[in-house]
$ cat input_9.txt   # compact mmCIF, N, CA and C atoms
# COMPACT_ATOMS: atom_id res chain seq x y z
N MET A 1 -5.49 -8.01 -12.88
CA MET A 1 -5.10 -6.89 -12.07
C MET A 1 -5.39 -7.15 -10.60
N LYS A 2 -6.43 -7.96 -10.34
CA LYS A 2 -6.75 -8.23 -8.94
C LYS A 2 -5.64 -9.04 -8.27
N TYR A 3 -4.93 -9.85 -9.05
CA TYR A 3 -3.83 -10.62 -8.47
C TYR A 3 -2.64 -9.71 -8.16
N ILE A 4 -2.41 -8.72 -9.00
CA ILE A 4 -1.33 -7.77 -8.72
C ILE A 4 -1.66 -7.00 -7.45
N LEU A 5 -2.90 -6.55 -7.33
CA LEU A 5 -3.29 -5.84 -6.12
C LEU A 5 -3.19 -6.75 -4.90
N LEU A 6 -3.57 -8.01 -5.04
CA LEU A 6 -3.47 -8.95 -3.93
C LEU A 6 -2.02 -9.17 -3.53
N PHE A 7 -1.15 -9.40 -4.52
CA PHE A 7 0.25 -9.67 -4.21
C PHE A 7 1.01 -8.41 -3.82
N TRP A 8 0.40 -7.25 -3.98
CA TRP A 8 0.98 -6.01 -3.46
C TRP A 8 0.42 -5.72 -2.08
N ALA A 9 -0.89 -5.81 -1.93
CA ALA A 9 -1.54 -5.41 -0.67
C ALA A 9 -1.23 -6.37 0.47
N LEU A 10 -1.18 -7.64 0.19
CA LEU A 10 -0.94 -8.61 1.26
C LEU A 10 0.44 -8.43 1.90
N PRO A 11 1.53 -8.40 1.13
CA PRO A 11 2.83 -8.17 1.78
C PRO A 11 2.93 -6.80 2.45
N MET A 12 2.35 -5.77 1.83
CA MET A 12 2.40 -4.45 2.44
C MET A 12 1.63 -4.44 3.76
N GLY A 13 0.47 -5.05 3.77
CA GLY A 13 -0.32 -5.12 4.99
C GLY A 13 0.37 -5.91 6.08
N LEU A 14 0.96 -7.04 5.70
CA LEU A 14 1.67 -7.84 6.69
C LEU A 14 2.88 -7.10 7.24
N PHE A 15 3.67 -6.48 6.36
CA PHE A 15 4.86 -5.77 6.83
C PHE A 15 4.49 -4.60 7.72
N TRP A 16 3.55 -3.75 7.25
CA TRP A 16 3.23 -2.56 8.04
C TRP A 16 2.47 -2.92 9.31
N GLY A 17 1.71 -4.01 9.29
CA GLY A 17 1.09 -4.49 10.52
C GLY A 17 2.13 -4.94 11.53
N TRP A 18 3.11 -5.72 11.05
CA TRP A 18 4.21 -6.14 11.93
C TRP A 18 4.99 -4.94 12.41
N TYR A 19 5.29 -4.01 11.53
CA TYR A 19 6.08 -2.84 11.90
C TYR A 19 5.38 -2.03 12.99
N TYR A 20 4.09 -1.77 12.81
CA TYR A 20 3.35 -0.98 13.78
C TYR A 20 3.29 -1.68 15.14
N LEU A 21 2.95 -2.96 15.12
CA LEU A 21 2.83 -3.68 16.39
C LEU A 21 4.18 -3.82 17.09
N SER A 22 5.23 -4.14 16.34
CA SER A 22 6.53 -4.33 16.98
C SER A 22 7.15 -3.00 17.39
N TYR A 23 6.94 -1.95 16.62
CA TYR A 23 7.47 -0.63 16.97
C TYR A 23 6.87 -0.14 18.29
N ASN A 24 5.59 -0.39 18.46
CA ASN A 24 4.89 0.01 19.67
C ASN A 24 4.91 -1.07 20.75
N ASP A 25 5.64 -2.14 20.52
CA ASP A 25 5.81 -3.26 21.47
C ASP A 25 4.49 -3.85 21.94
N MET A 26 3.56 -3.99 21.00
CA MET A 26 2.30 -4.65 21.30
C MET A 26 2.43 -6.10 20.84
N HIS A 27 3.10 -6.91 21.64
CA HIS A 27 3.50 -8.24 21.20
C HIS A 27 2.52 -9.34 21.53
N PHE A 28 1.56 -9.12 22.42
CA PHE A 28 0.55 -10.12 22.76
C PHE A 28 1.17 -11.46 23.13
N GLY A 29 2.38 -11.44 23.69
CA GLY A 29 3.06 -12.66 24.10
C GLY A 29 3.88 -13.32 23.01
N TYR A 30 3.90 -12.75 21.81
CA TYR A 30 4.68 -13.32 20.72
C TYR A 30 6.01 -12.57 20.58
N LEU A 31 7.10 -13.31 20.56
CA LEU A 31 8.41 -12.69 20.41
C LEU A 31 8.52 -11.96 19.08
N MET A 32 7.86 -12.49 18.05
CA MET A 32 7.94 -11.90 16.72
C MET A 32 7.43 -10.45 16.70
N LEU A 33 6.52 -10.11 17.58
CA LEU A 33 5.95 -8.76 17.60
C LEU A 33 6.59 -7.86 18.64
N SER A 34 7.67 -8.32 19.29
CA SER A 34 8.28 -7.52 20.35
C SER A 34 9.20 -6.45 19.78
N ARG A 35 9.41 -5.40 20.56
CA ARG A 35 10.31 -4.32 20.15
C ARG A 35 11.75 -4.82 20.08
N LEU A 36 12.09 -5.79 20.95
CA LEU A 36 13.44 -6.35 20.94
C LEU A 36 13.76 -6.98 19.59
N LEU A 37 12.85 -7.78 19.06
CA LEU A 37 13.06 -8.39 17.75
C LEU A 37 13.02 -7.34 16.65
N HIS A 38 12.16 -6.35 16.79
CA HIS A 38 12.08 -5.25 15.83
C HIS A 38 13.44 -4.58 15.68
N ASP A 39 14.03 -4.20 16.80
CA ASP A 39 15.34 -3.55 16.76
C ASP A 39 16.42 -4.48 16.21
N HIS A 40 16.33 -5.75 16.58
CA HIS A 40 17.32 -6.72 16.11
C HIS A 40 17.23 -6.92 14.59
N VAL A 41 16.02 -7.03 14.07
CA VAL A 41 15.82 -7.21 12.63
C VAL A 41 16.39 -6.03 11.86
N PHE A 42 16.10 -4.81 12.31
CA PHE A 42 16.61 -3.63 11.61
C PHE A 42 18.12 -3.50 11.77
N GLU A 43 18.67 -3.96 12.90
CA GLU A 43 20.12 -3.95 13.06
C GLU A 43 20.79 -4.91 12.08
N ILE A 44 20.25 -6.11 11.95
CA ILE A 44 20.80 -7.08 11.00
C ILE A 44 20.68 -6.56 9.57
N TYR A 45 19.51 -6.05 9.22
CA TYR A 45 19.27 -5.54 7.88
C TYR A 45 20.19 -4.36 7.58
N GLY A 46 20.38 -3.50 8.56
CA GLY A 46 21.29 -2.37 8.40
C GLY A 46 22.73 -2.81 8.21
N ASN A 47 23.15 -3.84 8.94
CA ASN A 47 24.51 -4.37 8.79
C ASN A 47 24.71 -5.01 7.42
N ILE A 48 23.70 -5.70 6.93
CA ILE A 48 23.79 -6.32 5.61
C ILE A 48 23.94 -5.25 4.53
N LEU A 49 23.16 -4.17 4.65
CA LEU A 49 23.20 -3.10 3.65
C LEU A 49 24.34 -2.11 3.89
N GLY A 50 24.92 -2.14 5.07
CA GLY A 50 26.01 -1.22 5.38
C GLY A 50 25.53 0.19 5.68
N VAL A 51 24.32 0.31 6.23
CA VAL A 51 23.78 1.62 6.61
C VAL A 51 23.36 1.58 8.08
N ASP A 52 23.16 2.77 8.63
CA ASP A 52 22.70 2.87 10.01
C ASP A 52 21.27 2.33 10.10
N PRO A 53 20.99 1.45 11.04
CA PRO A 53 19.62 0.90 11.15
C PRO A 53 18.54 1.96 11.36
N ALA A 54 18.88 3.09 11.93
CA ALA A 54 17.88 4.14 12.15
C ALA A 54 17.44 4.79 10.84
N THR A 55 18.24 4.67 9.78
CA THR A 55 17.86 5.27 8.49
C THR A 55 16.97 4.35 7.65
N LEU A 56 16.82 3.11 8.07
CA LEU A 56 16.04 2.16 7.27
C LEU A 56 14.54 2.45 7.22
N PRO A 57 13.87 2.76 8.34
CA PRO A 57 12.42 3.02 8.23
C PRO A 57 12.04 4.11 7.23
N PRO A 58 12.73 5.27 7.19
CA PRO A 58 12.37 6.24 6.15
C PRO A 58 12.61 5.73 4.73
N LEU A 59 13.65 4.93 4.56
CA LEU A 59 13.91 4.36 3.23
C LEU A 59 12.80 3.39 2.83
N ILE A 60 12.35 2.60 3.78
CA ILE A 60 11.28 1.64 3.50
C ILE A 60 9.97 2.37 3.21
N ILE A 61 9.72 3.45 3.94
CA ILE A 61 8.51 4.25 3.69
C ILE A 61 8.53 4.82 2.28
N ARG A 62 9.67 5.38 1.88
CA ARG A 62 9.77 5.94 0.52
C ARG A 62 9.60 4.86 -0.54
N ALA A 63 10.20 3.70 -0.32
CA ALA A 63 10.07 2.60 -1.27
C ALA A 63 8.61 2.15 -1.36
N SER A 64 7.93 2.10 -0.24
CA SER A 64 6.51 1.70 -0.24
C SER A 64 5.66 2.71 -0.99
N ILE A 65 5.95 3.99 -0.81
CA ILE A 65 5.20 5.04 -1.52
C ILE A 65 5.43 4.93 -3.03
N VAL A 66 6.67 4.70 -3.42
CA VAL A 66 6.98 4.56 -4.86
C VAL A 66 6.27 3.32 -5.42
N ASP A 67 6.33 2.21 -4.71
CA ASP A 67 5.66 0.98 -5.17
C ASP A 67 4.16 1.19 -5.29
N THR A 68 3.58 1.83 -4.29
CA THR A 68 2.15 2.09 -4.31
C THR A 68 1.78 2.99 -5.48
N GLY A 69 2.56 4.03 -5.70
CA GLY A 69 2.31 4.91 -6.83
C GLY A 69 2.42 4.19 -8.16
N LEU A 70 3.39 3.31 -8.28
CA LEU A 70 3.56 2.53 -9.51
C LEU A 70 2.37 1.59 -9.74
N ILE A 71 1.93 0.90 -8.70
CA ILE A 71 0.78 0.00 -8.82
C ILE A 71 -0.47 0.77 -9.23
N PHE A 72 -0.72 1.92 -8.58
CA PHE A 72 -1.91 2.70 -8.92
C PHE A 72 -1.79 3.35 -10.29
N ALA A 73 -0.59 3.69 -10.72
CA ALA A 73 -0.40 4.22 -12.07
C ALA A 73 -0.73 3.16 -13.11
N ILE A 74 -0.29 1.94 -12.87
CA ILE A 74 -0.61 0.84 -13.78
C ILE A 74 -2.12 0.60 -13.80
N PHE A 75 -2.73 0.62 -12.62
CA PHE A 75 -4.18 0.42 -12.52
C PHE A 75 -4.93 1.53 -13.27
N ALA A 76 -4.50 2.78 -13.08
CA ALA A 76 -5.15 3.90 -13.75
C ALA A 76 -4.94 3.83 -15.26
N PHE A 77 -3.76 3.39 -15.69
CA PHE A 77 -3.52 3.26 -17.12
C PHE A 77 -4.44 2.21 -17.73
N ARG A 78 -4.63 1.11 -17.03
CA ARG A 78 -5.50 0.06 -17.55
C ARG A 78 -6.97 0.49 -17.56
N ARG A 79 -7.35 1.37 -16.67
CA ARG A 79 -8.74 1.84 -16.58
C ARG A 79 -8.92 3.26 -17.12
N ARG A 80 -8.01 3.71 -17.97
CA ARG A 80 -8.02 5.10 -18.40
C ARG A 80 -9.30 5.49 -19.13
N LYS A 81 -9.91 4.58 -19.90
CA LYS A 81 -11.14 4.93 -20.62
C LYS A 81 -12.29 5.17 -19.64
N GLN A 82 -12.43 4.30 -18.63
CA GLN A 82 -13.48 4.50 -17.64
C GLN A 82 -13.23 5.76 -16.83
N ILE A 83 -11.97 6.04 -16.50
CA ILE A 83 -11.64 7.24 -15.73
C ILE A 83 -11.93 8.48 -16.55
N ARG A 84 -11.56 8.46 -17.83
CA ARG A 84 -11.81 9.60 -18.70
C ARG A 84 -13.31 9.86 -18.82
N GLU A 85 -14.10 8.81 -18.97
CA GLU A 85 -15.56 8.95 -19.06
C GLU A 85 -16.14 9.47 -17.75
N TRP A 86 -15.64 8.99 -16.63
CA TRP A 86 -16.09 9.46 -15.32
C TRP A 86 -15.80 10.95 -15.14
N VAL A 87 -14.61 11.37 -15.53
CA VAL A 87 -14.23 12.79 -15.43
C VAL A 87 -15.12 13.63 -16.35
N ARG A 88 -15.38 13.15 -17.56
CA ARG A 88 -16.23 13.88 -18.50
C ARG A 88 -17.62 14.07 -17.91
N ARG A 89 -18.18 13.02 -17.36
CA ARG A 89 -19.52 13.11 -16.78
C ARG A 89 -19.55 14.04 -15.57
N ARG A 90 -18.50 14.02 -14.79
CA ARG A 90 -18.45 14.91 -13.62
C ARG A 90 -18.38 16.36 -14.06
N ARG A 91 -17.65 16.64 -15.11
CA ARG A 91 -17.54 18.02 -15.60
C ARG A 91 -18.85 18.51 -16.20
N GLU A 92 -19.61 17.59 -16.78
CA GLU A 92 -20.91 17.97 -17.34
C GLU A 92 -21.95 18.19 -16.26
N GLY A 93 -21.68 17.74 -15.06
CA GLY A 93 -22.61 17.93 -13.96
C GLY A 93 -23.66 16.85 -13.83
N ARG A 94 -23.55 15.81 -14.65
CA ARG A 94 -24.49 14.71 -14.54
C ARG A 94 -24.04 13.78 -13.41
N PRO A 95 -24.95 13.35 -12.55
CA PRO A 95 -24.56 12.41 -11.49
C PRO A 95 -24.19 11.06 -12.09
N VAL A 96 -23.26 10.40 -11.46
CA VAL A 96 -22.81 9.11 -11.94
C VAL A 96 -23.02 8.09 -10.84
N ALA A 97 -23.66 6.97 -11.18
CA ALA A 97 -23.88 5.89 -10.22
C ALA A 97 -23.00 4.71 -10.59
N ILE A 98 -22.62 3.94 -9.59
CA ILE A 98 -21.81 2.74 -9.79
C ILE A 98 -22.71 1.54 -9.49
N HIS A 99 -22.83 0.61 -10.42
CA HIS A 99 -23.64 -0.58 -10.13
C HIS A 99 -22.73 -1.71 -9.67
N GLU A 100 -23.30 -2.87 -9.42
CA GLU A 100 -22.62 -3.98 -8.76
C GLU A 100 -21.31 -4.40 -9.43
N ALA A 101 -21.27 -4.43 -10.74
CA ALA A 101 -20.08 -4.91 -11.44
C ALA A 101 -18.97 -3.87 -11.48
N GLY A 102 -19.20 -2.69 -10.89
CA GLY A 102 -18.18 -1.66 -10.86
C GLY A 102 -18.17 -0.79 -12.09
N GLN A 103 -19.10 -0.98 -13.01
CA GLN A 103 -19.18 -0.17 -14.22
C GLN A 103 -20.06 1.04 -13.93
N GLU A 104 -19.71 2.16 -14.51
CA GLU A 104 -20.47 3.38 -14.31
C GLU A 104 -21.67 3.43 -15.25
N ARG A 105 -22.69 4.09 -14.79
CA ARG A 105 -23.84 4.33 -15.63
C ARG A 105 -24.50 5.61 -15.14
N PRO A 106 -25.16 6.33 -16.02
CA PRO A 106 -25.81 7.56 -15.60
C PRO A 106 -26.89 7.27 -14.55
N ALA A 107 -26.94 8.09 -13.52
CA ALA A 107 -27.95 7.93 -12.48
C ALA A 107 -29.29 8.42 -13.01
N GLY A 108 -30.33 7.79 -12.55
CA GLY A 108 -31.64 8.30 -12.97
C GLY A 108 -32.60 7.28 -13.35
$ encode --input "input_9.txt" --output "structure tokens"
Amino acid sequence: MKYILLFWALPMGLFWGWYYLSYNDMHFGYLMLSRLLHDHVFEIYGNILGVDPATLPPLIIRASIVDTGLIFAIFAFRRRKQIREWVRRRREGRPVAIHEAGQERPAG
């Protein structure tokens, strides 16, 4: 599961980092981070898809939200027993501590 998270988080972080820096034209001398290239990339991508380039950022945001939800749903499904136990302990009012390996154990 850590590889799935890595191969999801790394591209998302790189894309959204590039998007934020290029959208705000914080290029630090690199053409890749300039607003000019940002607009050009979205224009090319919009032409390839046959849509207005201005509609692409909201579509990408929605796709990222769906992907993130899917990844976390898979993660929650794989950890459903630990989550169920954590919820049960919280409802009983017993404090729950997390130790180094990430496994829960009763505090005390």
$ select_by_dssp --input "input_9.txt" --residues "segment 22-94 of chain A" --states "helix (DSSP H, G or I)" --output "PyMOL selection string"
chain A and resi 22-23+31-33+35-49+53-78+80-92
$ residues_near_point --input "input_9.txt" --point "(20.4, 1.5, 13.3)" --cutoff "8 Å" --atoms "all atoms listed in the file" --output "list in words"
Asp39, Phe42, Glu43, Ile44, Gly46, Asn47, Val51, Asp52, Pro53, Ala54, Thr55 and Leu56 of chain A
$ atom_distance --input "input_9.txt" --atom1 "atom CA of Leu37 of chain A" --atom2 "atom C of Leu10 of chain A"
20.3 Å
$ atom_distance --input "input_9.txt" --atom1 "atom C of Trp16 of chain A" --atom2 "atom N of Phe77 of chain A"
26.5 Å
$ atom_distance --input "input_9.txt" --atom1 "atom C of Leu5 of chain A" --atom2 "atom N of Tyr23 of chain A"
24.3 Å
$ closest_residue --input "input_9.txt" --among "A:Glu85, A:Thr68, A:Val41, A:Arg80" --to "Phe7 of chain A" --atoms "only C-alpha atoms"
A:Thr68
